[in-house]
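A.B. asks: First the structure, which I've put down as structure tokens, then a few questions once you've had a look.
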Amino acid sequence: MKVRGSKNDKMARQASMDLAGFDQFDITPDGLNADDQEEVAEHTYPSEDNVAEGGTTETPQLNLAAIRQTLGPRSNSGGSIGVAADPTDMISNTTAATSRRGRISGRFSKGDVAKMMRRGTSASGFTATSSSIGSSNVSVESNLWTKLLSNTNASLWNGGAFEDDEDGDEDGGGGALPGCNQAVKTWCRGNAYEAKHYFKTCAKYPSIIVLSFLAFAVLLGAGLGVVIVQKDAAVERAQTSAIFVANEVGEWFAAEFRRAMQPLYSVQQAVIFSGFFDDIPAKIGPYPERVFEAVDPKTGAKKIMRDVSDICNDEVQKKFASIVEPLNDDCRLNGIVAGYRLWTSNVMCTAHPMVNTKDFPGGPPLDHNKFVGYDAGHDQNPFWKATTEDLFVTRNPNINIFGPFTNPVLKNTTFCGHLPVWFPPGPDAAPEDVKFTLDVHGTPVNNAFGFVQNFLLWENLKEKSNIYERFSERNLEFCLTRTDGPDDVKTIAESEGCALLDDGNSIVVSTDTVSNGMWDNRVGTLASSGWCPSWYPWAVFGVTLASFIIGLLTSFVLVEKQLHRNLLYKVMPKKAIKKLHRGQTVLEKYNLVTIFFSDIVGFTTMCGEMRPIQVMRMLNELYTELDKLVAKHKVYKVETIGDAYMVVGGAPDRRPAPDAAERVAAFALEAVAFVKNFRTKSGDRIFIRAGLASGPVVAGVVGDAMPRYCFFGDTVNFASRMESTSAKMKIQCSELTYRLLLDAPSRSFKLERRVDNGVAGIEVKGKGHQTTYWIAGAKLRSSSPADSKFVDSYPPTKDVESPENVYGSRMPNLTEVSKSSHSSGLSSSSATFHSAITQPWSMIGQADSPTVPTLEAMDDADADGIIECVSSVLEHHLEKSVKARGASKKLDDLARSKIRNLVAEVSTTYSDVPFHNFQHAAHVVLSMNKLVHTLQTDPQGSLADADPIIGFSLVFSALIHDAGHTGMSNKILEEQDHPLALRYGDVNTPIAEKHSIDLALDILFKDEYNALRFAILPGVLDKVHFSKVLFQSVLVTDIATSDRVKQGIRRFEVAAGPSLNDELCKCAVCRKGEENTDGTYAGLCPLACHLEDVMQGVKLGEDVVERFPKEFNVTHCGLKRCVLNEHLMLSADVSHTMQSWENYVKWNFRLYKEIMACHQKNLCPDPTGGWFKGEIGFFSFYIIPLAKRAQLFFDKEFGHALVQGAKGNLVLWQEHGEKAAEFMAQGLKNGESEASVLEKIYALPYKKLL
């Protein structure tokens, strides 16, 4: 039936779109008056599909019986039909509205139409004043539409409705409550709805109740605490001000004291190292030589004096003055420090100034002349006895400070500081190193020279501090005391009203000055306090009420936030939401994920046979169950588009590729199994087809409005093709997914190659012919017979998860690693490699690049950044090697995915020792990468035309060259009969180096690395080249064996010499140990003793020597390649000695710690004594000659950088190495951190060079 003809016919057809079949009731649009017909037309909506297509509109046919049942019997009087109803079910099927003024396209929510119904407004925006059947004065609540929409079962429209939220009823229709107006009814319904959701959410998340109660309790406690504190508001304000001022004053005085006393250390060091004063103690001699008694004119007490006038003469005074005279000016202590004294053998020898009039204007000067010769070490004056015993007997490590004391002559309160001076090497020296023994009140003290003393003018310091003004400005009184012992408490400053301060109106603020005792400052106010204000009970009530309201509001906020969070986390991943909240672009790269697509077979036909709401209900029931499976298998649901369902494994939560593929495949099997038993409400079955594909993708959020977390890339398209070309109730996967499932950690899958009509594989649009596989079932990897049978579905039991791969569970973004931290995005391998090769040679391993992580990341037990960086270097060289084999060759995705796992597993073979650890291996890798890249990119370089497998082999050798290192040298291993020494007992075998090679090859030849190994070693010659480079490079790192070093140098000399002619170049096969006719190459082959290991290590056959004799002959050309490999490895292994001073010192300290660890186990002598000179010899006889030999392989600029780097570090070590070695020894002895020791050493050269 088409819509054509007259206006009345058009309106009738429009009405029939929602009332098709009413003619069987004799209720037709023709039976309505003109107004009713137009009103019907206003509520009529065209079919969405036909509106989209344009043209005529078919009228849907409704169930007559359902309409009759819905409308009920007609009244003879033509009265109203039924009661007002919920219009929501009708609105769910409407898309456009027609008005009297023309067609208006749009959508109305359930609530919008419900509001319009109540207000008497049609969906098209006009007032329905005459909507009735057979009567023009029937109320809006009883019109035809509300009759149709009043059926609560909604069977007319969908045969059964969803369990809707009450949002539609919040403003919905229905009769008014008795005695309540519409606004009250709406408010009650809305609040009832909110209360229902509030209590349901609180019951589901008890933490909301707990946090709300905690908020109430905290606020109540804090509020009551504030109210209680406010009872004494004035005191509270005074205490706040007092604490601030007291702390400020205390810290200021402490800092000033430290600054005033600091020059004593300079004087101490100058006296020790000047050498000028060394013989004075001996000249003064032991007590009682040169003693004469004198009487103190003030007290009449006897003083012990020594006659030192001929010793402590003007020359001594001038020398001491030259030391201390600049100090006050340099330290800005003029007017604060009044002078310095030098006590040799505890006898006052000299001072500067001897007479100080400058700091005492208008009064007697400070005259030191009368104290010259005073023997503080034997005089019984209590002060001097306590001071000298504290300095030399107790050995107080801090400056001894006495004061304040008031000098009646100077009339100035004074502090004095005392610092002991010791002959090197100090009081704990060995007997043969004792230069002088000083008697201190009967106690002999070795190597005690005496002490230095200074005077601090306390009154001047107080005046400078403005202490009185600071407190008076805030109306505070204070009493500052100094406590130097239980019975030694002195008041050093006080205000006028300090006597009125007590515990009720003041507080005590303590400042620990370390060397100047404890300073206690009682600060308070004289304002009244202690009263209870009249508002106190009301304040308690107000705080309690406010806390309850805030706690309740907190629960409301937490409920809303939880609901909002639940909704957001269903829409996109948490980390994407966090980035969006921060205004960041959400973009993440994933190297290898597995994607699942499915759709319903015959969905289009099914939609034509079902009502839209039935289709929606069916999809909701189906996808709700699939969502449960998504949560069970811990994969990520991307979206549903109609009947299409998309799931991803390995993103956004990163997982090892085999584990991700296993989870997606297990999900797919269980999804198919569920669909087999799924039935629609009408009892119909549905069928799905599914497809899986694996590969790299990029995920992110595009745009601002209606954000969605989407996946992009060829892998998404490929997975969609796998689904569209799949079969009913079957799961098709790509070849890469097939390989990943073979490595699944906890399930064994039944995989069948797809063969159609005798042809394996299918044609895929945009991909060509592809080999695909059916996933037919799976079993758990278990020895139990019950688990040995393949199943094609998983019962709804507890999920069996594979163990987390410790290396693949997290792949951090290297940019974030280098900046602290650890975010979880995957960095670009090529970007990391580019940053690595562009790092300056001198800065290798340091965090100067945002993409290359500092090698200190391991100090925080987080090696992921280093593993990623090393993996990117290996990946680059391997990809280059694969491409060199042919234009169509490329590195397989599965092999690429295994590189990081290999590096991570190699890292676990490294021991936790200071030097020969994975950090050092990574540093050697980055250095080797720089060397190899330089030679490969230089047109004249030695590796420019070489097989790229050589470059990969060199970098791989750098990675594993110290694997399994115990921190002990080969010599120690042999002496201790270590198991490794017993295993590699051959005298010609370097133990640690051979062990590293064996560990690396054992890992590489594991089954899980089959794809990677095939990419590295596809042929026999590749294995030969790889094995030769590996053994040459690693074995040569045994530089502790002098014969091996000499042999390497001889190989270099022969290789650098002229090549032999063809007649003489009759070279022998290494394994036979033969020589050529003139003996030129005799004993030069580094692999002669290890040829059997070379072949067995990479699984070469016994006939390989006969098949490829040239590869095993010691030719001049081959010798050059061997020497190049060896020198690249040797240079990379000790690259820190040719790089920056920071690199050299850091690794040098770590090597010292490692050797000291052996010494502490009594495995070797203490290296400390010879460390300084030993490093000079190491540079002179090994490093610099090595750098000069390696220089010949590079261009002038880079080769020069190697030599100059080594020479520069030698110069700095000769200048500062002795002090650096001392810092190392002291730091290790005192348990200082590495950073602390290195900071001291780094400061040495720059101070001097600047």
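Here, A, B, ... name the chains of the structure tokens in the order displayed, residue numbers run from 1 inside each chain, and ligands are numbered from 1 in the same displayed order.
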Find the residues around Val523 (chain A) up to 9 Å (only C-alpha atoms counted), leave out those fewer than 3 positions away in its own chain, and share them as number ranges by chain.

C.D. replies: A: 238-239, 242-243, 245-246, 471, 476-480, 498, 501, 505-509

A.B. asks: Just list as a PyMOL selection string whatever in region 342-569 of chain A DSSP marks as alpha helix (DSSP H).

C.D. replies: chain A and resi 382-388+458-465+467-473+536-569

A.B. asks: Measure the distance from CA of Ala376 (chain A) to CA of Glu389 (chain A) in Å and round it to one decimal.

C.D. replies: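 Between these atoms lies a distance of 10.1 Å.
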
A.B. asks: When you look at Tyr468 (chain A) with a cut-off of 9 Å (counting only C-alpha atoms), what residues show up, excluding the ones that are within fewer than 2 positions of it in the same chain? I need them as a PyMOL selection string.

C.D. replies: chain A and resi 462-463+465-466+470-473+477-478+494-495

A.B. asks: With a distance cut-off of 12 Å and only C-alpha atoms, select the neighbouring residues of Pro263 (chain A), excluding the residue or stretch itself and same-chain residues fewer than 5 positions from it, and output the selection as number ranges by chain.

C.D. replies: A: 257-258, 268-270, 323-333, 337, 339-340, 399, 417-419, 452-456

A.B. asks: In Å, rounded to a single decimal, give me how far CA of Val664 (chain A) is from CA of Gly649 (chain A).

C.D. replies: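 Computed distance, CA of Gly649 (chain A) to CA of Val664 (chain A), equals 5.7 Å.
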